[in-house]
>>> print(open('protein03.cif').read())   # mmCIF, C-alpha atoms and all ligand atoms
data_query
#
loop_
_atom_site.label_atom_id
_atom_site.label_comp_id
_atom_site.auth_asym_id
_atom_site.auth_seq_id
_atom_site.Cartn_x
_atom_site.Cartn_y
_atom_site.Cartn_z
CA MET U 552 0.00 0.00 0.00
CA SER U 553 1.30 3.46 -0.86
CA VAL U 554 2.61 5.82 1.79
CA GLU U 555 -0.13 8.35 0.93
CA LEU U 556 -2.91 5.81 1.29
CA GLU U 557 -1.50 4.48 4.56
CA GLU U 558 -1.42 8.00 5.95
CA ASP U 559 -4.95 8.76 4.77
CA LEU U 560 -6.20 5.58 6.37
CA VAL U 561 -4.46 6.39 9.63
CA GLU U 562 -5.94 9.91 9.55
CA GLU U 563 -9.39 8.55 8.79
CA LEU U 564 -9.12 5.94 11.53
CA LYS U 565 -7.86 8.55 13.98
CA ILE U 566 -10.84 10.76 13.20
CA ALA U 567 -13.29 7.88 13.55
CA VAL U 568 -11.71 6.49 16.73
CA ALA U 569 -11.32 9.86 18.37
CA ALA U 570 -14.84 10.98 17.48
CA GLN U 571 -16.26 7.76 18.93
CA ALA U 572 -14.22 8.09 22.11
CA GLN U 573 -15.18 11.69 22.52
CA GLU U 574 -18.86 10.92 22.18
CA GLN U 575 -18.54 8.45 25.02
CA GLN U 576 -16.31 10.52 27.24
CA GLU U 577 -15.84 14.08 28.32
CA ARG U 578 -15.54 15.75 24.96
CA SER U 579 -16.29 19.11 26.45
CA LYS U 580 -13.18 18.92 28.62
CA LYS U 581 -10.90 19.02 25.56
CA ALA U 582 -9.26 22.37 25.03
CA PRO U 583 -11.34 24.27 22.52
CA LEU U 584 -9.64 25.86 19.56
CA GLU U 585 -10.27 29.34 20.93
CA GLU U 586 -8.07 28.53 23.95
CA LEU U 587 -5.36 26.80 21.96
CA SER U 588 -4.78 29.67 19.64
CA THR U 589 -4.29 32.31 22.30
CA GLU U 590 -0.53 31.95 22.18
CA THR U 591 -0.40 32.25 18.42
CA PRO U 592 -3.04 34.46 16.79
CA SER U 593 -5.50 32.82 14.44
CA PRO U 594 -5.99 34.21 10.96
CA GLU U 595 -8.65 36.88 11.36
CA ALA U 596 -11.02 35.54 8.78
CA LEU U 597 -11.27 32.10 10.37
CA GLY U 598 -13.75 32.03 13.18
CA ALA U 599 -13.73 28.98 15.43
CA SER U 600 -17.11 30.01 16.77
CA GLY U 601 -20.38 29.06 15.16
CA GLU U 602 -23.43 26.91 15.68
CA ARG U 603 -22.65 23.33 16.58
CA ASP U 604 -24.61 20.14 16.12
CA LYS U 605 -25.39 17.56 18.82
CA ASP U 606 -21.84 16.16 18.54
CA GLY U 607 -20.29 19.56 19.06
CA LEU U 608 -19.24 19.88 15.41
CA LEU U 609 -19.63 23.18 13.58
CA GLU U 610 -22.60 23.17 11.24
CA ASN U 611 -22.17 23.48 7.50
CA LYS U 612 -22.92 27.12 6.65
CA SER U 613 -21.90 26.82 3.04
CA PRO U 614 -24.25 26.46 0.05
CA TYR U 615 -22.62 23.06 -0.61
CA THR U 616 -24.03 19.65 0.27
CA LEU U 617 -21.50 17.37 1.91
CA PRO U 618 -22.14 13.70 2.76
CA GLN U 619 -20.60 14.00 6.22
CA GLY U 620 -21.37 17.66 6.80
CA TYR U 621 -17.68 18.53 6.88
CA LEU U 622 -14.44 17.99 4.97
CA SER U 623 -11.19 16.56 6.31
CA PRO U 624 -7.72 16.47 4.76
CA SER U 625 -8.14 12.76 4.01
CA GLN U 626 -11.48 13.35 2.24
CA ILE U 627 -10.01 16.10 0.08
CA GLY U 628 -6.95 13.96 -0.59
CA MET U 629 -9.09 11.06 -1.80
CA LEU U 630 -11.21 13.37 -3.96
CA GLN U 631 -8.09 14.78 -5.60
CA ARG U 632 -6.51 11.35 -6.04
CA CYS U 633 -9.56 9.70 -7.57
CA ALA U 634 -12.99 11.29 -7.31
CA TYR U 635 -14.64 7.95 -8.06
CA GLN U 636 -12.98 6.45 -4.97
CA TYR U 637 -14.51 9.32 -2.99
CA TYR U 638 -17.91 8.58 -4.51
CA LEU U 639 -17.73 4.89 -3.53
CA ARG U 640 -16.42 5.63 -0.03
CA TYR U 641 -18.38 8.69 1.05
CA ILE U 642 -21.46 8.92 -1.20
CA LEU U 643 -22.26 5.20 -1.43
CA GLY U 644 -20.70 4.51 1.99
CA ILE U 645 -18.74 1.44 0.88
CA ARG U 646 -15.92 0.88 3.36
CA ARG U 647 -12.97 -1.35 2.73
CA PRO U 648 -10.86 -2.67 5.61
CA PRO U 649 -7.66 -0.70 6.05
CA GLY U 650 -4.31 -2.21 5.27
CA TYR U 651 -2.18 -3.66 8.02
CA ALA U 652 0.13 -0.62 7.89
CA ALA U 653 -2.71 1.56 9.20
CA VAL U 654 -3.10 -0.72 12.23
CA ILE U 655 0.61 -0.39 13.04
CA GLY U 656 0.25 3.40 12.89
CA ILE U 657 -2.77 3.38 15.21
CA SER U 658 -0.92 1.15 17.72
CA GLY U 659 2.12 3.46 17.77
CA HIS U 660 -0.07 6.55 18.11
CA ALA U 661 -1.74 5.00 21.16
CA ALA U 662 1.64 4.52 22.88
CA PHE U 663 2.69 8.12 22.22
CA GLU U 664 -0.67 9.50 23.30
CA GLN U 665 -0.30 7.60 26.58
CA TYR U 666 3.27 8.86 27.12
CA TYR U 667 2.50 12.52 26.43
CA GLY U 668 -0.84 12.32 28.25
CA ASP U 669 0.95 11.03 31.35
CA LYS U 670 3.46 13.87 31.06
CA ILE U 671 0.63 16.41 30.98
CA ARG U 672 -1.08 14.73 33.95
CA LYS U 673 2.29 14.52 35.72
CA ALA U 674 1.62 10.81 36.16
CA PRO U 675 4.43 8.21 36.31
CA LEU U 676 5.76 7.61 32.80
CA LEU U 677 5.67 4.15 31.26
CA ASN U 678 9.03 2.87 30.05
CA GLU U 679 9.61 1.68 26.49
CA LYS U 680 8.79 -1.94 27.34
CA GLN U 681 5.48 -0.96 28.97
CA LEU U 682 4.62 1.30 26.04
CA LEU U 683 5.32 -1.56 23.66
CA ASP U 684 2.99 -3.83 25.63
CA LEU U 685 0.29 -1.15 25.44
CA ALA U 686 0.80 -0.69 21.70
CA MET U 687 0.48 -4.43 21.11
CA VAL U 688 -2.75 -4.62 23.13
CA ILE U 689 -4.18 -1.87 20.91
CA HIS U 690 -2.78 -3.70 17.88
CA ASP U 691 -4.57 -6.91 18.78
CA GLU U 692 -7.84 -5.09 19.49
CA LYS U 693 -7.74 -3.29 16.14
CA ILE U 694 -6.94 -6.48 14.25
CA LEU U 695 -10.10 -8.05 15.64
CA GLU U 696 -12.26 -4.94 15.29
CA LEU U 697 -11.24 -4.20 11.70
CA ASP U 698 -10.96 -7.85 10.68
CA VAL U 699 -7.45 -7.41 9.29
CA PRO U 700 -5.77 -10.78 8.61
CA VAL U 701 -2.33 -10.96 10.26
CA SER U 702 -0.01 -13.95 10.59
CA VAL U 703 1.94 -14.76 13.76
CA SER U 704 5.21 -13.84 12.06
CA GLU U 705 3.77 -10.49 10.90
CA ARG U 706 2.69 -9.74 14.46
CA ASP U 707 6.17 -10.63 15.77
CA GLU U 708 7.75 -8.41 13.14
CA THR U 709 5.46 -5.53 14.12
CA ALA U 710 6.38 -5.94 17.79
CA GLN U 711 10.09 -5.82 16.88
CA THR U 712 9.58 -2.74 14.71
CA LEU U 713 7.62 -0.88 17.38
CA ASP U 714 10.22 -1.90 19.97
CA LYS U 715 13.02 -0.33 17.89
CA LEU U 716 10.99 2.81 17.22
CA LEU U 717 10.08 3.31 20.87
CA THR U 718 13.68 2.69 21.91
CA SER U 719 14.84 5.48 19.57
CA TYR U 720 11.96 7.91 19.98
CA ILE U 721 11.33 8.04 23.71
CA PRO U 722 14.90 8.82 24.89
CA GLY U 723 15.86 10.67 21.69
CA VAL U 724 12.81 12.94 21.25
CA ALA U 725 9.86 12.47 23.58
CA GLN U 726 11.71 13.00 26.84
CA PHE U 727 12.64 16.56 25.76
CA ILE U 728 9.11 17.58 24.80
CA GLU U 729 6.81 19.49 27.10
CA PRO U 730 3.35 18.63 25.82
CA LYS U 731 0.39 20.94 26.29
CA GLU U 732 -2.33 18.76 24.77
CA VAL U 733 -2.65 15.48 22.88
CA GLU U 734 -5.23 14.37 20.31
CA VAL U 735 -6.81 17.78 19.96
CA ARG U 736 -9.89 18.00 17.82
CA LEU U 737 -9.63 20.83 15.32
CA ASN U 738 -12.94 21.96 13.90
CA PHE U 739 -13.21 25.27 12.09
CA LEU U 740 -15.21 26.94 9.35
CA SER U 741 -13.37 27.73 6.15
CA LYS U 742 -14.12 31.09 4.53
CA CYS U 743 -16.74 29.54 2.24
CA GLY U 744 -18.61 28.19 5.28
CA VAL U 745 -17.49 24.56 4.96
CA PRO U 746 -16.58 22.97 8.32
CA VAL U 747 -13.17 21.29 8.37
CA LEU U 748 -12.40 18.55 10.87
CA GLY U 749 -9.10 17.04 11.87
CA PHE U 750 -7.13 15.83 14.87
CA ILE U 751 -3.77 17.19 15.98
CA ASP U 752 -1.58 14.53 17.60
CA LEU U 753 0.39 16.84 19.85
CA LEU U 754 0.71 20.45 20.90
CA ARG U 755 3.99 21.19 22.59
CA LYS U 756 5.39 24.17 24.42
CA PRO U 757 8.42 25.89 22.88
CA TYR U 758 11.94 24.82 23.75
CA ALA U 759 14.10 27.31 25.64
CA ILE U 760 16.03 28.19 22.50
CA GLU U 761 12.78 29.00 20.71
CA MET U 762 11.97 31.62 23.32
CA THR U 763 15.29 33.44 23.07
CA ALA U 764 15.21 36.99 21.70
CA GLU U 765 16.77 35.79 18.47
CA HIS U 766 14.06 33.22 17.75
CA VAL U 767 10.94 34.07 19.72
CA LEU U 768 9.16 35.87 16.89
CA ASP U 769 9.44 32.85 14.62
CA TYR U 770 9.31 30.01 17.12
CA GLY U 771 7.62 31.31 20.28
CA GLY U 772 4.21 29.88 21.18
CA LEU U 773 2.78 26.43 20.64
CA HIS U 774 4.11 23.98 18.08
CA MET U 775 1.97 21.34 16.41
CA GLY U 776 3.33 17.81 16.14
CA ASP U 777 2.15 14.79 14.21
CA HIS U 778 3.44 11.21 14.14
CA LYS U 779 3.87 9.59 10.76
CA PHE U 780 4.75 5.91 10.51
CA THR U 781 6.20 5.33 7.07
CA GLY U 782 8.37 2.87 5.16
CA LYS U 783 10.77 5.59 3.98
CA LYS U 784 11.80 8.84 5.53
CA TRP U 785 9.85 11.93 4.55
CA ALA U 786 11.63 14.62 2.58
CA SER U 787 11.18 18.16 3.87
CA THR U 788 9.09 19.14 0.82
CA LYS U 789 6.45 16.61 1.87
CA LEU U 790 5.72 18.60 5.00
CA GLN U 791 6.12 21.98 3.28
CA ASN U 792 3.46 21.03 0.68
CA SER U 793 1.17 19.02 2.92
CA LEU U 794 -2.49 19.95 2.51
CA GLN U 795 -3.22 18.38 5.90
CA PHE U 796 -0.83 20.70 7.70
CA TYR U 797 -1.73 23.76 5.65
CA LEU U 798 -5.29 23.17 6.81
CA TYR U 799 -4.33 22.48 10.42
CA SER U 800 -2.04 25.50 10.53
CA MET U 801 -4.70 27.73 8.97
CA GLY U 802 -7.44 26.48 11.27
CA SER U 803 -5.48 26.60 14.50
CA GLY U 804 -3.34 29.66 13.83
CA ILE U 805 -0.31 27.59 14.89
CA LEU U 806 2.21 28.11 12.13
CA ASN U 807 5.05 25.90 13.41
CA VAL U 808 4.51 22.26 12.54
CA GLU U 809 6.81 19.33 13.11
CA ILE U 810 6.50 15.78 11.88
CA HIS U 811 7.84 13.00 14.04
CA ASN U 812 8.57 10.53 11.27
CA LEU U 813 8.87 6.94 12.56
CA VAL U 814 10.51 4.87 9.88
CA LYS U 815 9.52 1.22 9.86
CA GLY U 816 12.04 0.16 7.19
CA SER U 817 15.75 -0.27 7.59
CA ALA U 818 17.78 2.91 7.67
CA LYS U 819 19.87 1.45 4.86
CA LYS U 820 16.85 1.65 2.61
CA ASP U 821 16.57 5.42 3.08
CA SER U 822 16.60 6.92 -0.39
CA SER U 823 16.43 10.53 0.72
CA SER U 824 19.27 12.68 -0.47
CA GLU U 825 18.81 15.16 2.34
CA LYS U 826 21.58 15.27 4.84
CA PRO U 827 20.76 16.13 8.43
CA ARG U 828 22.60 19.07 9.88
CA LYS U 829 25.55 18.38 12.09
CA PRO U 830 24.98 19.01 15.77
CA ARG U 831 25.98 22.42 16.98
CA ALA U 832 27.59 22.32 20.38
CA ALA U 833 25.96 25.53 21.60
CA ARG U 834 22.49 24.11 21.17
CA LYS U 835 23.24 21.08 23.27
CA LYS U 836 22.91 23.40 26.24
CA VAL U 837 19.22 23.97 25.57
CA VAL U 838 18.05 21.14 27.76
CA GLU U 839 19.41 20.06 31.06
CA LEU U 840 20.86 16.63 30.67
CA GLU U 841 21.06 13.92 33.21
CA GLU U 842 24.15 11.81 33.19
CA GLY U 843 24.29 9.53 30.16
CA GLN U 844 21.48 11.26 28.26
CA GLU U 845 21.89 12.44 24.71
CA ALA U 846 20.44 15.81 23.74
CA LEU U 847 18.53 16.56 20.59
CA PRO U 848 21.40 17.87 18.49
CA ASP U 849 19.67 20.70 16.66
CA LEU U 850 16.26 21.85 17.77
CA LEU U 851 15.73 24.32 14.94
CA ALA U 852 16.93 22.31 11.95
CA PRO U 853 14.25 21.71 9.27
CA VAL U 854 15.38 18.10 8.99
CA GLN U 855 16.93 16.23 11.89
CA ASP U 856 17.67 12.53 12.10
CA VAL U 857 17.48 11.07 15.58
CA GLY U 858 19.02 7.63 15.39
CA SER U 859 18.53 5.67 12.20
CA ASN U 860 14.75 5.32 12.27
CA VAL U 861 13.36 8.63 13.57
CA ARG U 862 13.36 11.86 11.60
CA ILE U 863 12.02 15.19 12.78
CA LEU U 864 10.86 17.62 10.10
CA ARG U 865 10.01 21.21 10.95
CA HIS U 866 8.30 23.90 8.93
CA ARG U 867 6.69 27.26 9.56
CA PHE U 868 3.66 27.72 7.32
CA ASP U 869 3.14 30.99 5.49
CA PRO U 870 -0.30 32.59 6.11
CA GLY U 871 0.11 34.29 2.74
CA GLU U 872 -0.73 30.94 1.14
CA PHE U 873 -3.89 30.30 3.15
CA THR U 874 -6.12 31.88 0.51
CA HIS U 875 -4.95 29.15 -1.85
CA VAL U 876 -5.84 26.52 0.73
CA GLU U 877 -9.28 28.10 1.19
CA ASN U 878 -9.75 27.82 -2.57
CA ILE U 879 -8.85 24.12 -2.47
CA VAL U 880 -11.49 23.52 0.23
CA GLU U 881 -14.15 25.38 -1.74
CA ASP U 882 -13.23 23.64 -5.00
CA ALA U 883 -13.64 20.27 -3.27
CA ALA U 884 -16.99 21.28 -1.74
CA LYS U 885 -18.25 22.55 -5.11
CA GLN U 886 -17.27 19.35 -6.87
CA ILE U 887 -18.90 17.11 -4.25
CA SER U 888 -22.04 19.20 -4.23
CA ALA U 889 -22.24 19.10 -8.01
CA GLY U 890 -22.01 15.29 -7.89
CA ILE U 891 -19.13 15.06 -10.36
CA PHE U 892 -16.89 12.12 -9.52
CA PRO U 893 -14.72 11.16 -12.52
CA ARG U 894 -12.48 8.14 -12.46
CA CYS U 895 -8.79 9.00 -12.41
CA ASP U 896 -6.33 8.50 -15.24
CA PRO U 897 -5.52 4.77 -15.59
CA GLU U 898 -1.87 5.82 -15.51
CA ALA U 899 -2.27 7.32 -12.02
CA TRP U 900 -0.11 5.65 -9.37
CA CYS U 901 -3.16 4.78 -7.26
CA CYS U 902 -5.11 3.08 -10.06
CA ASN U 903 -4.11 -0.55 -9.65
CA PRO U 904 -5.28 -3.50 -7.55
CA GLN U 905 -2.49 -3.07 -5.01
CA TRP U 906 -3.33 0.51 -4.06
CA CYS U 907 -7.01 0.94 -4.85
CA GLY U 908 -9.30 -0.80 -2.36
CA TYR U 909 -12.20 -0.38 -4.82
CA TRP U 910 -10.49 -2.01 -7.81
CA ASP U 911 -12.99 -4.90 -7.95
CA LEU U 912 -15.92 -2.44 -8.09
CA CYS U 913 -14.37 -0.30 -10.80
CA ARG U 914 -11.53 -0.95 -13.19
CA GLY U 915 -11.15 -4.59 -12.15
CA LYS U 916 -14.88 -5.35 -12.40
CA ARG U 917 -15.61 -8.23 -14.80
S1 LIG L 1001 -9.81 1.54 -9.99
FE1 LIG L 1001 -8.85 3.50 -10.54
S2 LIG L 1001 -10.52 4.79 -11.29
FE2 LIG L 1001 -11.45 3.08 -10.18
S3 LIG L 1001 -11.76 3.84 -8.09
FE3 LIG L 1001 -9.77 2.81 -8.14
S4 LIG L 1001 -8.29 4.44 -8.57
FE4 LIG L 1001 -10.30 5.23 -9.13
#
>>> encode(input="protein03.cif", output="structure tokens")
Amino acid sequence: MSVELEEDLVEELKIAVAAQAQEQQERSKKAPLEELSTETPSPEALGASGERDKDGLLENKSPYTLPQGYLSPSQIGMLQRCAYQYYLRYILGIRRPPGYAAVIGISGHAAFEQYYGDKIRKAPLLNEKQLLDLAMVIHDEKILELDVPVSVSERDETAQTLDKLLTSYIPGVAQFIEPKEVEVRLNFLSKCGVPVLGFIDLLRKPYAIEMTAEHVLDYGGLHMGDHKFTGKKWASTKLQNSLQFYLYSMGSGILNVEIHNLVKGSAKKDSSSEKPRKPRAARKKVVELEEGQEALPDLLAPVQDVGSNVRILRHRFDPGEFTHVENIVEDAAKQISAGIFPRCDPEAWCCNPQWCGYWDLCRGKR
């Protein structure tokens, strides 16, 4: 399954899982967008206020008819990739079980949510072994719930992969982060009145170096973080051009975004030509180290490799481009409302039985 599809599925699952959990629990206790954006001003034209439905979601104030009443980055991504896929998934409501890669992502997310949640609650932190156990419990539950076939050897391989990732990520990245909120629901009205819904994995407080006089204007305030489990490392352009994070940045007013890229494949398979910056000694003083701990080498670098299987990508989004993003949202809403769902070019990378879950209902139908 392609990296893009895996990520969309993880996003979609995160939205579904989080929405379900929030319905059952104290949704109202989550920090509302209005509070989150106080440290970094929201774009003026984007109001987070508005009438909400029984689930607390902003109501569609646009002239466009949307099957779910809102758009999400994964919906727009599917529409742009193949509008006919969107039609089958969201108009006809035909769901296909996610690939196994999506389950691995969900399991890893659960471990990180627990770790950062405990930090916020000032509760005792689970060690890497305990986090792995938790991730595998979630893994097994999701396998059953989503009816994803997995062999014993695949499960063992997943446990080994998650073990390596946790062993790199927790001491190399997570221990330095001061989280403010995890799994934050982001729900805002775009300029055309279409509600946009998404979930932010992590909001963190700025590092000391980001609050220095030299950097505070660019890096002060909250930073948004997202975990991406992928086979290959992300290049920096993937974050810089990400519709998901343009939307999240626009809707939250938080311009600084960082991807915590957890790489499931071997580091030797990394095909990226980008070279991480060398550590600068001065920045090692940013955090107070206990004996034997390694510091994040460069907290401001746009691309930073932490160990062989964790990459941090950082980008500050430009509000000058938000009008373009607004246009993308409205174009998608117009197309859906008009009921125009063309099949994609047969040459498109997604149009084959490996990557299209709807192949048997479309191009592969006999
Ligand atoms: S088979 Fe091709 S055209 Fe049909 S839904 Fe899949 S990607 Fe779209």
>>> atom_distance(input="protein03.cif", atom1="CA of Leu639 in chain U", atom2="CA of Leu794 in chain U")
22.3 Å
>>> atom_distance(input="protein03.cif", atom1="CA of Leu737 in chain U", atom2="CA of Ser719 in chain U")
29.2 Å
>>> closest_atom_pairs(input="protein03.cif", of="chain U", to="ligand LIG 1001 (chain L)", cutoff="6 Å", atoms="only C-alpha atoms and all ligand atoms", output="tab-separated table")
residue	atom	partner	partner_atom	distance
U:Cys633	CA	L:LIG1001	FE4	4.8
U:Tyr635	CA	L:LIG1001	S3	5.0
U:Gln636	CA	L:LIG1001	S3	4.2
U:Arg894	CA	L:LIG1001	S2	4.1
U:Cys895	CA	L:LIG1001	S2	4.7
U:Cys901	CA	L:LIG1001	S4	5.3
U:Cys902	CA	L:LIG1001	S4	3.8
U:Cys907	CA	L:LIG1001	FE3	4.7
U:Tyr909	CA	L:LIG1001	FE3	5.2
U:Trp910	CA	L:LIG1001	S1	4.2
U:Cys913	CA	L:LIG1001	FE2	4.5
U:Arg914	CA	L:LIG1001	S1	4.4
>>> closest_residue(input="protein03.cif", among="U:Asn903, U:Gln886, U:Gln795, U:Thr763", to="Thr616 in chain U", atoms="all atoms listed in the file")
U:Gln886
>>> closest_atom_pairs(input="protein03.cif", of="range 672-736 of chain U", to="range 812-815 of chain U", cutoff="9 Å", atoms="only C-alpha atoms", output="Markdown table")
| residue | atom | partner | partner_atom | distance |
| --- | --- | --- | --- | --- |
| U:Thr709 | CA | U:Lys815 | CA | 9.0 |
| U:Thr712 | CA | U:Lys815 | CA | 6.3 |
| U:Leu713 | CA | U:Lys815 | CA | 8.0 |
| U:Lys715 | CA | U:Lys815 | CA | 8.9 |
| U:Leu716 | CA | U:Leu813 | CA | 6.6 |
| U:Tyr720 | CA | U:Leu813 | CA | 8.1 |
>>> closest_residue(input="protein03.cif", among="U:Pro757, U:Gly816, U:Pro624, U:Pro649", to="Phe727 in chain U", atoms="all atoms listed in the file")
U:Pro757
